[in-house]
Amino acid sequence: MIKNNVLKGVFLVGLGATTYGMLATFVKMAYTENYTTAEVTSSQFILGIIGILLINLFQKIKNKNTTKKASSRNIFQLMLAGTSLGMTSVFYYLAVKYIPVSIGIVLLMQTVWMGVLLEMILEKKLPSKQKVLSVGIVLIGTVLATNLINNEVQLDWHGIMWGMLAAASFTTTMFTANSVATDISSAQRSLYMLLGGAIIVFGFSIATQVTPFNYSIFAKWGIVLALFGTIIPPMLMNAGFPLTGIGLGSIVSALELPVSVMMAYVLLNEEVNSTQWLGIILIIAAIVIMNINWKKSKG
């Protein structure tokens, strides 16, 4: 029974990560149709909030109004935490405007060492040898995956800057998502975090949208972006992580990296050479090393 639950968790987290891995390719395709970052993010968040609202309503009816409601404090904390979610979307989508999706996802994966650094600052203690080794492997993998050695591609510094900012805000999102108001339903948590993120997204849209807003984005890409970015992945991962645990869940969620690169290769014809694939494999290996309990596996 326990094994079945773990397998179910692995399936849910894997599917969530795979779904999220496809997102940047769809964003890039929307860009080719001259939609702006403001239009892409706004449509995703508006339709995402509507979708999560419907899920909350369905759960309320199904559970006959017995679901624990979020307190005012919970709502404030989750909306505050959600601002980093909004920043991640804006920064990541700006990054893939300037650089290939396959490079953008590698930059987003810098959350591995950023997470270790943040943990070290918050807990005021040095990381374990296991984590230090993982960080070293991630950095080597990043050099290979971004093709810095061969220097065949001139990467736009704007893209690198936005990519690193996306990784920093995503690191904050992961820390807050696992610690804020965990006693209420995942659908409620997703809703209030999205509302917090929407404040950032709408602020960005108002500040940057200089042309009339193209509302056709809602029908053409908004539904896809909402499903693959703000509805399916968080719901699946919130359901899967309690069954797998953080360690195994983090390993399975690394599927996002190869899926994102493969999608960019197939749909956008982005070239990914063998050196870059080696770098991607090293980053995935680092995530595995960081999350395996070596003492337990030895004994």
# chains A, B, ... in the order shown; residues from 1 in each chain; ligands from 1

$ closest_atom_pairs --of "stretch 129-169 of chain A" --to "stretch 73-88 of chain A" --cutoff "10 Å" --atoms "only C-alpha atoms" --output "CSV"
residue,atom,partner,partner_atom,distance
A:Trp162,CA,A:Thr88,CA,9.3
A:Gly163,CA,A:Thr88,CA,9.1
A:Met164,CA,A:Thr88,CA,10.0
A:Leu165,CA,A:Thr88,CA,7.6
A:Ala166,CA,A:Thr88,CA,4.6
A:Ala167,CA,A:Thr88,CA,7.3
A:Ala168,CA,A:Thr88,CA,8.1
A:Ser169,CA,A:Ser84,CA,5.3

$ write_last_selection --atoms "C-alpha atoms" --output "JSON list (two decimals), in the first residue's frame"
[["chain", "number", "residue", "atom", "x", "y", "z"],
["A", 162, "TRP", "CA", 16.40, 37.92, -16.25],
["A", 163, "GLY", "CA", 17.10, 34.16, -16.04],
["A", 164, "MET", "CA", 19.14, 34.53, -12.86],
["A", 165, "LEU", "CA", 16.49, 36.82, -11.33],
["A", 166, "ALA", "CA", 13.86, 34.18, -12.20],
["A", 167, "ALA", "CA", 15.95, 31.54, -10.41],
["A", 168, "ALA", "CA", 16.30, 33.78, -7.32],
["A", 169, "SER", "CA", 12.55, 34.47, -7.11]]

$ residues_around --residues "stretch 109-112 of chain A" --least-positions-apart "6" --cutoff "9 Å" --atoms "only C-alpha atoms" --output "list in words"
Ser134, Val135, Val138, Leu139, Thr142, Met164, Ala167, Ala168, Ser169, Phe170, Thr171, Ala254, Leu257, Ile283, Ala286, Ile287 and Met290 of chain A

$ write_last_selection --atoms "C-alpha atoms" --output "CSV table (one decimal), in the first residue's frame"
chain,number,residue,atom,x,y,z
A,134,SER,CA,25.9,19.1,-5.6
A,135,VAL,CA,26.5,22.8,-6.0
A,138,VAL,CA,25.5,22.2,-10.9
A,139,LEU,CA,28.0,24.9,-11.7
A,142,THR,CA,25.7,25.0,-16.2
A,164,MET,CA,19.1,34.5,-12.9
A,167,ALA,CA,16.0,31.5,-10.4
A,168,ALA,CA,16.3,33.8,-7.3
A,169,SER,CA,12.5,34.5,-7.1
A,170,PHE,CA,11.7,30.8,-7.8
A,171,THR,CA,14.0,29.8,-4.9
A,254,ALA,CA,14.0,17.5,-12.3
A,257,LEU,CA,14.7,20.2,-17.4
A,283,ILE,CA,22.5,19.1,-13.3
A,286,ALA,CA,23.4,17.0,-8.8
A,287,ILE,CA,19.7,17.1,-7.8
A,290,MET,CA,21.6,16.3,-3.0

$ residues_around --residues "A:Ile103" --least-positions-apart "3" --cutoff "8 Å" --atoms "only C-alpha atoms" --output "list in words"
Ile99, Pro100, Val106, Leu107, Ala145 and Thr146 of chain A

$ atom_distance --atom1 "atom CA of A:Tyr98" --atom2 "atom CA of A:His158"
6.6 Å

$ closest_residue --among "A:Leu278, A:Leu117, A:Leu227, A:Leu108" --to "A:Met22" --atoms "only C-alpha atoms"
A:Leu227

$ residues_around --residues "A:Ala181" --least-positions-apart "2" --cutoff "10 Å" --atoms "only C-alpha atoms" --output "short mmCIF file (atom, residue, chain, number, x, y, z; two decimals) with C-alpha atoms, in the first residue's frame"
data_model
loop_
_atom_site.label_atom_id
_atom_site.label_comp_id
_atom_site.auth_asym_id
_atom_site.auth_seq_id
_atom_site.Cartn_x
_atom_site.Cartn_y
_atom_site.Cartn_z
CA ALA A 70 -7.99 30.16 5.28
CA SER A 71 -7.75 32.79 8.01
CA ARG A 73 -3.41 35.80 8.40
CA ASN A 74 -3.14 32.78 6.05
CA ILE A 75 -4.45 34.84 3.12
CA GLN A 77 0.98 35.29 4.14
CA LEU A 78 0.09 33.35 0.99
CA THR A 176 7.65 29.88 1.16
CA ALA A 177 5.36 27.36 -0.59
CA ASN A 178 6.63 24.58 1.68
CA SER A 179 6.27 26.55 4.92
CA ASP A 183 -2.72 23.16 6.99
CA ILE A 184 -5.26 24.42 4.41
CA SER A 185 -6.16 22.81 1.07
CA SER A 186 -3.72 23.03 -1.86
CA GLN A 188 -6.89 27.47 -1.50
CA ARG A 189 -3.12 27.90 -1.19
#

$ residues_around --residues "A:Phe202" --least-positions-apart "3" --cutoff "12 Å" --atoms "only C-alpha atoms" --output "JSON, numbers by chain"
{"A": [37, 38, 39, 40, 41, 42, 43, 44, 45, 46, 83, 86, 87, 89, 90, 194, 195, 196, 197, 198, 199, 205, 206, 207, 208, 209]}

$ write_last_selection --atoms "N, CA, C and O atoms" --output "CSV table (one decimal), in the first residue's frame"
chain,number,residue,atom,x,y,z
A,37,THR,N,5.2,40.3,-23.4
A,37,THR,CA,5.3,39.6,-22.1
A,37,THR,C,4.1,40.0,-21.2
A,37,THR,O,3.6,39.1,-20.5
A,38,ALA,N,3.7,41.2,-21.3
A,38,ALA,CA,2.6,41.7,-20.4
A,38,ALA,C,1.3,40.9,-20.8
A,38,ALA,O,0.5,40.5,-19.9
A,39,GLU,N,1.1,40.7,-22.1
A,39,GLU,CA,-0.1,40.0,-22.6
A,39,GLU,C,-0.1,38.5,-22.2
A,39,GLU,O,-1.1,37.9,-21.8
A,40,VAL,N,1.1,37.9,-22.3
A,40,VAL,CA,1.3,36.5,-22.0
A,40,VAL,C,1.1,36.2,-20.5
A,40,VAL,O,0.3,35.4,-20.2
A,41,THR,N,1.7,37.0,-19.7
A,41,THR,CA,1.6,36.8,-18.2
A,41,THR,C,0.2,37.1,-17.7
A,41,THR,O,-0.3,36.4,-16.9
A,42,SER,N,-0.4,38.2,-18.2
A,42,SER,CA,-1.7,38.6,-17.7
A,42,SER,C,-2.8,37.6,-18.1
A,42,SER,O,-3.6,37.2,-17.2
A,43,SER,N,-2.7,37.1,-19.3
A,43,SER,CA,-3.7,36.1,-19.7
A,43,SER,C,-3.6,34.8,-18.9
A,43,SER,O,-4.5,34.2,-18.5
A,44,GLN,N,-2.3,34.4,-18.7
A,44,GLN,CA,-2.0,33.2,-17.9
A,44,GLN,C,-2.6,33.3,-16.5
A,44,GLN,O,-3.2,32.4,-16.0
A,45,PHE,N,-2.3,34.5,-15.8
A,45,PHE,CA,-2.8,34.6,-14.4
A,45,PHE,C,-4.3,34.8,-14.3
A,45,PHE,O,-4.9,34.2,-13.4
A,46,ILE,N,-4.9,35.6,-15.2
A,46,ILE,CA,-6.3,35.8,-15.1
A,46,ILE,C,-7.1,34.5,-15.3
A,46,ILE,O,-8.0,34.1,-14.5
A,83,THR,N,3.8,36.8,-4.4
A,83,THR,CA,4.5,37.9,-5.1
A,83,THR,C,5.7,37.3,-5.8
A,83,THR,O,6.0,37.7,-7.0
A,86,GLY,N,4.8,35.6,-9.0
A,86,GLY,CA,4.5,36.5,-10.1
A,86,GLY,C,5.8,37.0,-10.7
A,86,GLY,O,6.0,37.1,-11.9
A,87,MET,N,6.8,37.3,-9.8
A,87,MET,CA,8.1,37.7,-10.3
A,87,MET,C,8.8,36.6,-11.1
A,87,MET,O,9.4,36.9,-12.1
A,89,SER,N,7.4,34.3,-13.0
A,89,SER,CA,6.8,34.3,-14.3
A,89,SER,C,7.3,35.4,-15.2
A,89,SER,O,7.7,35.2,-16.3
A,90,VAL,N,7.3,36.6,-14.6
A,90,VAL,CA,7.7,37.8,-15.4
A,90,VAL,C,9.2,37.7,-15.8
A,90,VAL,O,9.5,37.9,-17.0
A,194,LEU,N,-1.6,32.8,-6.2
A,194,LEU,CA,-1.9,33.3,-7.6
A,194,LEU,C,-2.3,34.8,-7.5
A,194,LEU,O,-1.9,35.6,-8.3
A,195,LEU,N,-3.2,35.1,-6.5
A,195,LEU,CA,-3.7,36.4,-6.4
A,195,LEU,C,-2.6,37.4,-6.0
A,195,LEU,O,-2.5,38.5,-6.5
A,196,GLY,N,-1.6,36.9,-5.2
A,196,GLY,CA,-0.5,37.7,-4.8
A,196,GLY,C,0.4,37.9,-6.0
A,196,GLY,O,0.9,39.0,-6.3
A,197,GLY,N,0.6,36.8,-6.8
A,197,GLY,CA,1.4,36.9,-8.0
A,197,GLY,C,0.8,37.8,-9.1
A,197,GLY,O,1.5,38.6,-9.8
A,198,ALA,N,-0.5,37.9,-9.1
A,198,ALA,CA,-1.3,38.7,-10.1
A,198,ALA,C,-1.0,40.2,-9.8
A,198,ALA,O,-1.0,41.0,-10.8
A,199,ILE,N,-0.8,40.6,-8.6
A,199,ILE,CA,-0.5,42.0,-8.2
A,199,ILE,C,0.8,42.4,-9.0
A,199,ILE,O,0.9,43.5,-9.6
A,205,SER,N,2.5,44.7,-16.2
A,205,SER,CA,1.7,44.9,-17.5
A,205,SER,C,1.3,46.4,-17.7
A,205,SER,O,1.5,46.9,-18.8
A,206,ILE,N,0.9,47.0,-16.6
A,206,ILE,CA,0.5,48.5,-16.7
A,206,ILE,C,1.7,49.3,-17.0
A,206,ILE,O,1.6,50.3,-17.8
A,207,ALA,N,2.9,48.9,-16.4
A,207,ALA,CA,4.1,49.7,-16.6
A,207,ALA,C,4.7,49.5,-17.9
A,207,ALA,O,5.4,50.5,-18.4
A,208,THR,N,4.6,48.4,-18.5
A,208,THR,CA,5.3,48.1,-19.8
A,208,THR,C,4.5,48.0,-21.1
A,208,THR,O,5.1,48.1,-22.1
A,209,GLN,N,3.2,47.8,-21.0
A,209,GLN,CA,2.4,47.7,-22.2
A,209,GLN,C,2.1,49.0,-22.8
A,209,GLN,O,1.3,49.8,-22.3

$ closest_residue --among "A:Pro258, A:Gly229, A:Gly159, A:Pro212" --to "A:Ile280" --atoms "only C-alpha atoms"
A:Pro258

$ closest_residue --among "A:Gly9, A:Phe213, A:Lys97, A:Thr275" --to "A:Ser250" --atoms "only C-alpha atoms"
A:Gly9

$ residues_around --residues "A:Val272" --least-positions-apart "5" --cutoff "10 Å" --atoms "only C-alpha atoms" --output "PyMOL selection string"
chain A and resi 102-103+145-147+261-262+264-265+277

$ select_by_dssp --residues "stretch 45-130 of chain A" --states "helix (DSSP H, G or I)" --output "PyMOL selection string"
chain A and resi 45-62+72-98+101-108+111-123+129-130

$ atom_distance --atom1 "atom CA of A:Tyr35" --atom2 "atom CA of A:Leu255"
28.3 Å

$ closest_residue --among "A:Ile284, A:Ile200, A:Leu268, A:Leu191" --to "A:Val27" --atoms "only C-alpha atoms"
A:Leu268

$ atom_distance --atom1 "atom CA of A:Leu7" --atom2 "atom CA of A:Phe241"
11.3 Å

$ residues_around --residues "A:Ala30" --least-positions-apart "5" --cutoff "9 Å" --atoms "only C-alpha atoms" --output "list of chain:residue names"
A:Thr25, A:Tyr35, A:Thr36, A:Val40, A:Ile217, A:Lys220, A:Trp221

$ closest_residue --among "A:Thr18, A:Gly222, A:Val10, A:Asn4" --to "A:Thr244" --atoms "only C-alpha atoms"
A:Val10

$ decode --residues "stretch 38-50 of chain A" --atoms "N, CA, C and O atoms" --output "compact mmCIF listing (two decimals), in the first residue's frame"
# COMPACT_ATOMS: atom_id res chain seq x y z
N ALA A 38 3.71 41.22 -21.25
CA ALA A 38 2.57 41.66 -20.43
C ALA A 38 1.30 40.91 -20.82
O ALA A 38 0.53 40.47 -19.94
N GLU A 39 1.07 40.71 -22.11
CA GLU A 39 -0.12 39.99 -22.58
C GLU A 39 -0.07 38.52 -22.20
O GLU A 39 -1.07 37.93 -21.78
N VAL A 40 1.12 37.93 -22.34
CA VAL A 40 1.31 36.51 -22.02
C VAL A 40 1.07 36.24 -20.53
O VAL A 40 0.30 35.36 -20.16
N THR A 41 1.74 37.04 -19.66
CA THR A 41 1.62 36.81 -18.22
C THR A 41 0.21 37.15 -17.70
O THR A 41 -0.34 36.42 -16.87
N SER A 42 -0.37 38.24 -18.19
CA SER A 42 -1.70 38.64 -17.73
C SER A 42 -2.76 37.60 -18.07
O SER A 42 -3.57 37.22 -17.22
N SER A 43 -2.73 37.11 -19.32
CA SER A 43 -3.72 36.11 -19.74
C SER A 43 -3.56 34.82 -18.93
O SER A 43 -4.55 34.20 -18.52
N GLN A 44 -2.30 34.44 -18.67
CA GLN A 44 -2.04 33.21 -17.90
C GLN A 44 -2.59 33.33 -16.49
O GLN A 44 -3.24 32.40 -15.99
N PHE A 45 -2.34 34.45 -15.83
CA PHE A 45 -2.77 34.61 -14.44
C PHE A 45 -4.28 34.80 -14.31
O PHE A 45 -4.89 34.24 -13.41
N ILE A 46 -4.88 35.58 -15.22
CA ILE A 46 -6.34 35.80 -15.14
C ILE A 46 -7.09 34.48 -15.32
O ILE A 46 -7.96 34.12 -14.52
N LEU A 47 -6.73 33.73 -16.36
CA LEU A 47 -7.41 32.45 -16.62
C LEU A 47 -7.02 31.41 -15.57
O LEU A 47 -7.84 30.55 -15.22
N GLY A 48 -5.80 31.49 -15.06
CA GLY A 48 -5.36 30.58 -14.00
C GLY A 48 -6.16 30.78 -12.72
O GLY A 48 -6.59 29.82 -12.09
N ILE A 49 -6.39 32.05 -12.35
CA ILE A 49 -7.19 32.37 -11.16
C ILE A 49 -8.63 31.88 -11.32
O ILE A 49 -9.20 31.28 -10.40
N ILE A 50 -9.21 32.08 -12.52
CA ILE A 50 -10.58 31.60 -12.79
C ILE A 50 -10.64 30.07 -12.65
O ILE A 50 -11.55 29.53 -12.02
